[in-house]
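Asks: Could you have a look at this structure, given as structure tokens, before my questions?
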Amino acid sequence: MIEDARLVNFYVHGLTDRQRDVVELVIEGLNNRDIGSRLCIEKSVVAGHLTHIYGEMATLDELEHLKPNRTILVRLFAPLLDRHPELRKEDRAN
């Protein structure tokens, strides 16, 4: 298990605002095409963001034996955003 403070630090400092937007929309269950439509970007750009996010996730020692994917992303970040709603986009904008 990754300690909360490390995960918050990773989420805030390891990902860009746009990558965090993608994470939140993946958690909502959207596919790349729908995420792209919502963010007004091509689905290939969404895929690129996800590739970068997975690469960053792989640097976490606790995930070194796993290949990061959408399921792991949701299992890791959905509870984090539930515990820390201030990290969500609507709260970051304020």
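Every chain in the structure tokens takes a letter, A first, then B, and so on in the order presented; its residues are numbered from 1, and the ligands are numbered from 1 following the presented order.
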Quick one: residues within 12 Å of Asp21 of chain A, only C-alpha atoms counted, chain neighbours fewer than 3 positions away excluded, as an NGL selection string?

Replies: :A and (11-12 or 15-18 or 24-28 or 30 or 35-36 or 38-41 or 46 or 49-50 or 53 or 77 or 87-90 or 92-93)

Asks: As a ChimeraX atom specification, please: every residue in chain A that a backbone DSSP assignment puts in helix (DSSP H, G or I).

Replies: /A:4-13,17-27,32-39,43-57,61-63,70-83,85-87,89-92

Asks: Using atom CA of Leu80 of chain A and atom CA of Ile2 of chain A as the two end points, give the distance in Å to one decimal.

Replies: 10.6 Å

Asks: Expressed in Å to a single decimal, how great is the separation between atom CA of Tyr54 of chain A and atom CA of Ala5 of chain A?

Replies: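 Atom-to-atom, atom CA of Tyr54 of chain A to atom CA of Ala5 of chain A, that is 19.4 Å.
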
Asks: What lies within 9 Å of segment 64-69 of chain A using only C-alpha atoms, ignoring chain neighbours under 3 positions off, as a compact mmCIF listing (two decimals) with N, CA and C atoms, in the first residue's frame?

Replies:
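Just written: around_20.txt:
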# COMPACT_ATOMS: atom_id res chain seq x y z
N LEU A 50 -2.12 9.16 -21.09
CA LEU A 50 -2.20 7.93 -20.30
C LEU A 50 -0.87 7.18 -20.31
N ILE A 53 1.26 8.97 -17.86
CA ILE A 53 0.78 8.70 -16.50
C ILE A 53 1.22 7.31 -16.06
N TYR A 54 1.03 6.31 -16.93
CA TYR A 54 1.44 4.94 -16.59
C TYR A 54 2.94 4.87 -16.35
N GLY A 55 3.71 5.60 -17.16
CA GLY A 55 5.15 5.62 -16.96
C GLY A 55 5.53 6.22 -15.62
N MET A 57 3.54 6.30 -12.99
CA MET A 57 3.08 5.36 -11.96
C MET A 57 4.09 4.25 -11.75
N ALA A 58 4.75 3.83 -12.80
CA ALA A 58 5.73 2.74 -12.71
C ALA A 58 6.94 3.12 -11.86
N THR A 59 7.14 4.42 -11.62
CA THR A 59 8.27 4.85 -10.78
C THR A 59 7.97 4.68 -9.30
N LEU A 60 6.72 4.44 -8.95
CA LEU A 60 6.37 4.21 -7.55
C LEU A 60 6.82 2.80 -7.18
N ASP A 61 7.66 2.69 -6.16
CA ASP A 61 8.22 1.40 -5.77
C ASP A 61 7.16 0.33 -5.57
N ILE A 72 -5.67 -0.24 -12.50
CA ILE A 72 -4.81 0.16 -11.39
C ILE A 72 -4.93 1.65 -11.15
N LEU A 73 -5.01 2.43 -12.22
CA LEU A 73 -5.16 3.88 -12.09
C LEU A 73 -6.42 4.20 -11.27
N VAL A 74 -7.52 3.56 -11.59
CA VAL A 74 -8.78 3.81 -10.87
C VAL A 74 -8.67 3.36 -9.42

Asks: Work out how far atom CA of His13 of chain A is from atom CA of Gly48 of chain A, in Å to one decimal.

Replies: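 Atom CA of Gly48 of chain A sits 18.4 Å away from atom CA of His13 of chain A.
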
Asks: Taking into account only C-alpha atoms, which residue in the set A:Ala78, A:Ala47, A:Leu63, A:Leu7 is nearest to Asn31 of chain A?

Replies: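 When distances to Asn31 of chain A are compared using only C-alpha atoms, the smallest one comes from A:Ala47.
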